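Worksheet for the structure shown next.
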Amino acid sequence: MQAGGKGLGGEVFKLFISRAFESLLGPTSVMALRFHVERRLGRDMYEVFYEDPGRFYKVLRELLGSGAEMLMRLVARWLNENGYMEGLDPDKFIELLEKGGEEAAERMRRAIKPPYRR
């Protein structure tokens, strides 16, 4: 099961990202964040994150200002520490979010993976 693939891979990717957000923010805060982000995006925020992380990050920055970078650094750290991501440290993760585009999206999809120790 490869996170960078089509179909199930996208679902797995979104599941791992959602786990990071819920672990860091708690379910109620994630619900509020999703409401505001999805209102601006017009779609599920995890779906947009998977397809176009740069677009997702742009909206997050519009809502949270400089707090968006801090939140996404924490997400990257959580993913790494819990075995869901490899090969991307928080600095590179932010760099890809800021860069956006298909190349950045593909790099993130390849980095997100099922953890070995679970």
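Scheme for the structure tokens: letters A, B, ... for chains in order shown; per-chain residue numbers from 1; ligand numbers from 1 in order shown.
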For Glu98 (chain A), list every protein, DNA or RNA residue within 8 Å, evaluated using only C-alpha atoms, and leave out those in the same chain fewer than 4 positions away; present the list as an mmCIF file with C-alpha atoms, in the first residue's frame.
```cif
data_model
loop_
_atom_site.group_PDB
_atom_site.id
_atom_site.type_symbol
_atom_site.label_atom_id
_atom_site.label_comp_id
_atom_site.auth_asym_id
_atom_site.auth_seq_id
_atom_site.Cartn_x
_atom_site.Cartn_y
_atom_site.Cartn_z
ATOM 1 C CA GLY A 54 0.281 24.593 -1.749
ATOM 2 C CA TYR A 57 -1.351 26.009 2.860
ATOM 3 C CA LYS A 58 -2.242 29.320 1.229
ATOM 4 C CA ILE A 94 7.269 23.860 4.863
#
```
I'd like the neighbourhood of Lys99 (chain A) as a PyMOL selection string, where a residue qualifies if any of its atoms comes within 12 Å (using only C-alpha atoms), though same-chain residues fewer than 5 positions away should be ignored. chain A and resi 52-58+92-94+104-105+107-108
Please write the residues from the selection above to a file, keeping N, CA and C atoms, as an mmCIF file, in the first residue's frame.
```
data_model
loop_
_atom_site.group_PDB
_atom_site.id
_atom_site.type_symbol
_atom_site.label_atom_id
_atom_site.label_comp_id
_atom_site.auth_asym_id
_atom_site.auth_seq_id
_atom_site.Cartn_x
_atom_site.Cartn_y
_atom_site.Cartn_z
ATOM 1 N N ASP A 52 -3.253 19.277 -3.788
ATOM 2 C CA ASP A 52 -2.557 20.551 -3.983
ATOM 3 C C ASP A 52 -2.191 21.151 -2.625
ATOM 4 N N PRO A 53 -1.132 20.619 -1.987
ATOM 5 C CA PRO A 53 -0.779 21.103 -0.654
ATOM 6 C C PRO A 53 -0.476 22.603 -0.612
ATOM 7 N N GLY A 54 0.015 23.158 -1.705
ATOM 8 C CA GLY A 54 0.281 24.593 -1.749
ATOM 9 C C GLY A 54 -0.989 25.413 -1.621
ATOM 10 N N ARG A 55 -2.041 24.981 -2.282
ATOM 11 C CA ARG A 55 -3.342 25.668 -2.188
ATOM 12 C C ARG A 55 -3.892 25.573 -0.765
ATOM 13 N N PHE A 56 -3.808 24.381 -0.188
ATOM 14 C CA PHE A 56 -4.247 24.190 1.187
ATOM 15 C C PHE A 56 -3.496 25.140 2.121
ATOM 16 N N TYR A 57 -2.180 25.192 1.974
ATOM 17 C CA TYR A 57 -1.351 26.009 2.860
ATOM 18 C C TYR A 57 -1.642 27.498 2.685
ATOM 19 N N LYS A 58 -1.904 27.912 1.477
ATOM 20 C CA LYS A 58 -2.242 29.320 1.229
ATOM 21 C C LYS A 58 -3.494 29.714 2.009
ATOM 22 N N LYS A 92 11.876 21.145 5.259
ATOM 23 C CA LYS A 92 11.589 20.730 3.873
ATOM 24 C C LYS A 92 10.079 20.646 3.651
ATOM 25 N N PHE A 93 9.337 20.182 4.654
ATOM 26 C CA PHE A 93 7.876 20.090 4.580
ATOM 27 C C PHE A 93 7.292 21.474 4.304
ATOM 28 N N ILE A 94 7.744 22.490 5.058
ATOM 29 C CA ILE A 94 7.269 23.860 4.863
ATOM 30 C C ILE A 94 7.693 24.383 3.497
ATOM 31 N N ALA A 104 5.849 19.304 -5.815
ATOM 32 C CA ALA A 104 5.804 19.335 -4.348
ATOM 33 C C ALA A 104 4.779 18.339 -3.825
ATOM 34 N N ALA A 105 3.611 18.277 -4.485
ATOM 35 C CA ALA A 105 2.575 17.330 -4.063
ATOM 36 C C ALA A 105 3.076 15.895 -4.170
ATOM 37 N N ARG A 107 6.161 14.815 -4.078
ATOM 38 C CA ARG A 107 7.202 14.588 -3.063
ATOM 39 C C ARG A 107 6.569 14.302 -1.702
ATOM 40 N N MET A 108 5.516 15.028 -1.371
ATOM 41 C CA MET A 108 4.827 14.788 -0.096
ATOM 42 C C MET A 108 4.123 13.435 -0.114
#
```
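Among the candidate residues A:Ala111, A:Leu96, A:Val30, A:Met45, the one lying nearest to Arg73 (chain A) is A:Leu96, with distances computed using only C-alpha atoms.
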Set the distance at 10 Å and use only C-alpha atoms: which residues neighbour Phe35 (chain A) once local chain neighbours fewer than 6 positions away are removed? I'd like the list as a list in words.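 Near Phe35 (chain A), the qualifying residues are Ser29, Leu41, Asp44 and Met45 of chain A.
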Which distance in Å separates CA of Gly10 (chain A) and CA of Arg110 (chain A), to one decimal?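 Separation between CA of Gly10 (chain A) and CA of Arg110 (chain A): 11.0 Å.
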Contact residues around Pro115 (chain A) with only C-alpha atoms at 8 Å, ignoring same-chain residues under 4 positions, as a PyMOL selection string: chain A and resi 82-85
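Picture a line from CA of Met31 (chain A) to CA of Gly87 (chain A); it runs 29.4 Å.
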Pick from A:Val37, A:Val48, A:Ala76, A:Val12: nearest to Arg61 (chain A), with only C-alpha atoms counted?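 The closest residue to Arg61 (chain A) is A:Val37.
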From region 33-111 of chain A, collect each residue whose DSSP state is alpha helix (DSSP H) and return the set as a ChimeraX atom specification. /A:33-41,45-51,53-64,67-81,90-99,101-111
Output file for the selection above: C-alpha atoms, as a PDB file, in the first residue's frame:
```
ATOM      1  CA  LEU A  33     -10.555  24.512  11.455  1.00  0.00           C
ATOM      2  CA  ARG A  34     -12.158  22.289   8.815  1.00  0.00           C
ATOM      3  CA  PHE A  35     -15.272  24.450   8.769  1.00  0.00           C
ATOM      4  CA  HIS A  36     -13.304  27.610   8.006  1.00  0.00           C
ATOM      5  CA  VAL A  37     -10.778  26.039   5.619  1.00  0.00           C
ATOM      6  CA  GLU A  38     -13.411  24.087   3.703  1.00  0.00           C
ATOM      7  CA  ARG A  39     -15.653  27.125   3.432  1.00  0.00           C
ATOM      8  CA  ARG A  40     -12.809  28.894   1.594  1.00  0.00           C
ATOM      9  CA  LEU A  41     -11.743  25.877  -0.452  1.00  0.00           C
ATOM     10  CA  MET A  45      -9.440  20.104   3.261  1.00  0.00           C
ATOM     11  CA  TYR A  46      -7.681  16.733   3.349  1.00  0.00           C
ATOM     12  CA  GLU A  47      -8.586  16.095  -0.292  1.00  0.00           C
ATOM     13  CA  VAL A  48      -7.129  19.475  -1.271  1.00  0.00           C
ATOM     14  CA  PHE A  49      -4.047  18.837   0.878  1.00  0.00           C
ATOM     15  CA  TYR A  50      -3.484  15.574  -1.016  1.00  0.00           C
ATOM     16  CA  GLU A  51      -4.049  17.090  -4.475  1.00  0.00           C
ATOM     17  CA  PRO A  53      -0.779  21.103  -0.654  1.00  0.00           C
ATOM     18  CA  GLY A  54       0.281  24.593  -1.749  1.00  0.00           C
ATOM     19  CA  ARG A  55      -3.342  25.668  -2.188  1.00  0.00           C
ATOM     20  CA  PHE A  56      -4.247  24.190   1.187  1.00  0.00           C
ATOM     21  CA  TYR A  57      -1.351  26.009   2.860  1.00  0.00           C
ATOM     22  CA  LYS A  58      -2.242  29.320   1.229  1.00  0.00           C
ATOM     23  CA  VAL A  59      -5.742  29.160   2.718  1.00  0.00           C
ATOM     24  CA  LEU A  60      -4.367  28.077   6.080  1.00  0.00           C
ATOM     25  CA  ARG A  61      -2.032  31.102   6.081  1.00  0.00           C
ATOM     26  CA  GLU A  62      -4.947  33.392   5.214  1.00  0.00           C
ATOM     27  CA  LEU A  63      -6.785  32.087   8.276  1.00  0.00           C
ATOM     28  CA  LEU A  64      -3.961  31.645  10.786  1.00  0.00           C
ATOM     29  CA  GLY A  67       0.493  30.399  13.036  1.00  0.00           C
ATOM     30  CA  ALA A  68      -0.009  28.306   9.885  1.00  0.00           C
ATOM     31  CA  GLU A  69       3.713  27.662   9.599  1.00  0.00           C
ATOM     32  CA  MET A  70       3.974  26.695  13.251  1.00  0.00           C
ATOM     33  CA  LEU A  71       1.014  24.323  12.953  1.00  0.00           C
ATOM     34  CA  MET A  72       2.396  22.655   9.847  1.00  0.00           C
ATOM     35  CA  ARG A  73       5.845  22.286  11.441  1.00  0.00           C
ATOM     36  CA  LEU A  74       4.127  20.474  14.311  1.00  0.00           C
ATOM     37  CA  VAL A  75       2.219  18.295  11.834  1.00  0.00           C
ATOM     38  CA  ALA A  76       5.491  17.382  10.090  1.00  0.00           C
ATOM     39  CA  ARG A  77       7.182  16.608  13.403  1.00  0.00           C
ATOM     40  CA  TRP A  78       4.209  14.463  14.524  1.00  0.00           C
ATOM     41  CA  LEU A  79       4.210  12.543  11.226  1.00  0.00           C
ATOM     42  CA  ASN A  80       7.945  11.869  11.539  1.00  0.00           C
ATOM     43  CA  GLU A  81       7.875  10.927  15.213  1.00  0.00           C
ATOM     44  CA  PRO A  90       9.786  20.151   9.094  1.00  0.00           C
ATOM     45  CA  ASP A  91      11.891  22.676   7.138  1.00  0.00           C
ATOM     46  CA  LYS A  92      11.589  20.730   3.873  1.00  0.00           C
ATOM     47  CA  PHE A  93       7.876  20.090   4.580  1.00  0.00           C
ATOM     48  CA  ILE A  94       7.269  23.860   4.863  1.00  0.00           C
ATOM     49  CA  GLU A  95       9.397  24.519   1.793  1.00  0.00           C
ATOM     50  CA  LEU A  96       7.207  22.138  -0.243  1.00  0.00           C
ATOM     51  CA  LEU A  97       4.007  23.711   1.106  1.00  0.00           C
ATOM     52  CA  GLU A  98       5.252  27.163   0.131  1.00  0.00           C
ATOM     53  CA  LYS A  99       6.433  26.012  -3.292  1.00  0.00           C
ATOM     54  CA  GLY A 101       2.648  22.585  -7.544  1.00  0.00           C
ATOM     55  CA  GLU A 102       2.561  19.001  -8.709  1.00  0.00           C
ATOM     56  CA  GLU A 103       6.222  18.279  -7.987  1.00  0.00           C
ATOM     57  CA  ALA A 104       5.804  19.335  -4.348  1.00  0.00           C
ATOM     58  CA  ALA A 105       2.575  17.330  -4.063  1.00  0.00           C
ATOM     59  CA  GLU A 106       4.272  14.200  -5.451  1.00  0.00           C
ATOM     60  CA  ARG A 107       7.202  14.588  -3.063  1.00  0.00           C
ATOM     61  CA  MET A 108       4.827  14.788  -0.096  1.00  0.00           C
ATOM     62  CA  ARG A 109       2.793  11.803  -1.310  1.00  0.00           C
ATOM     63  CA  ARG A 110       5.957   9.697  -1.540  1.00  0.00           C
ATOM     64  CA  ALA A 111       7.071  10.730   1.965  1.00  0.00           C
TER      65      ALA A 111
END
```
Quote the spacing between CA of Pro114 (chain A) and CA of Arg19 (chain A) in Å to one decimal place. 12.2 Å
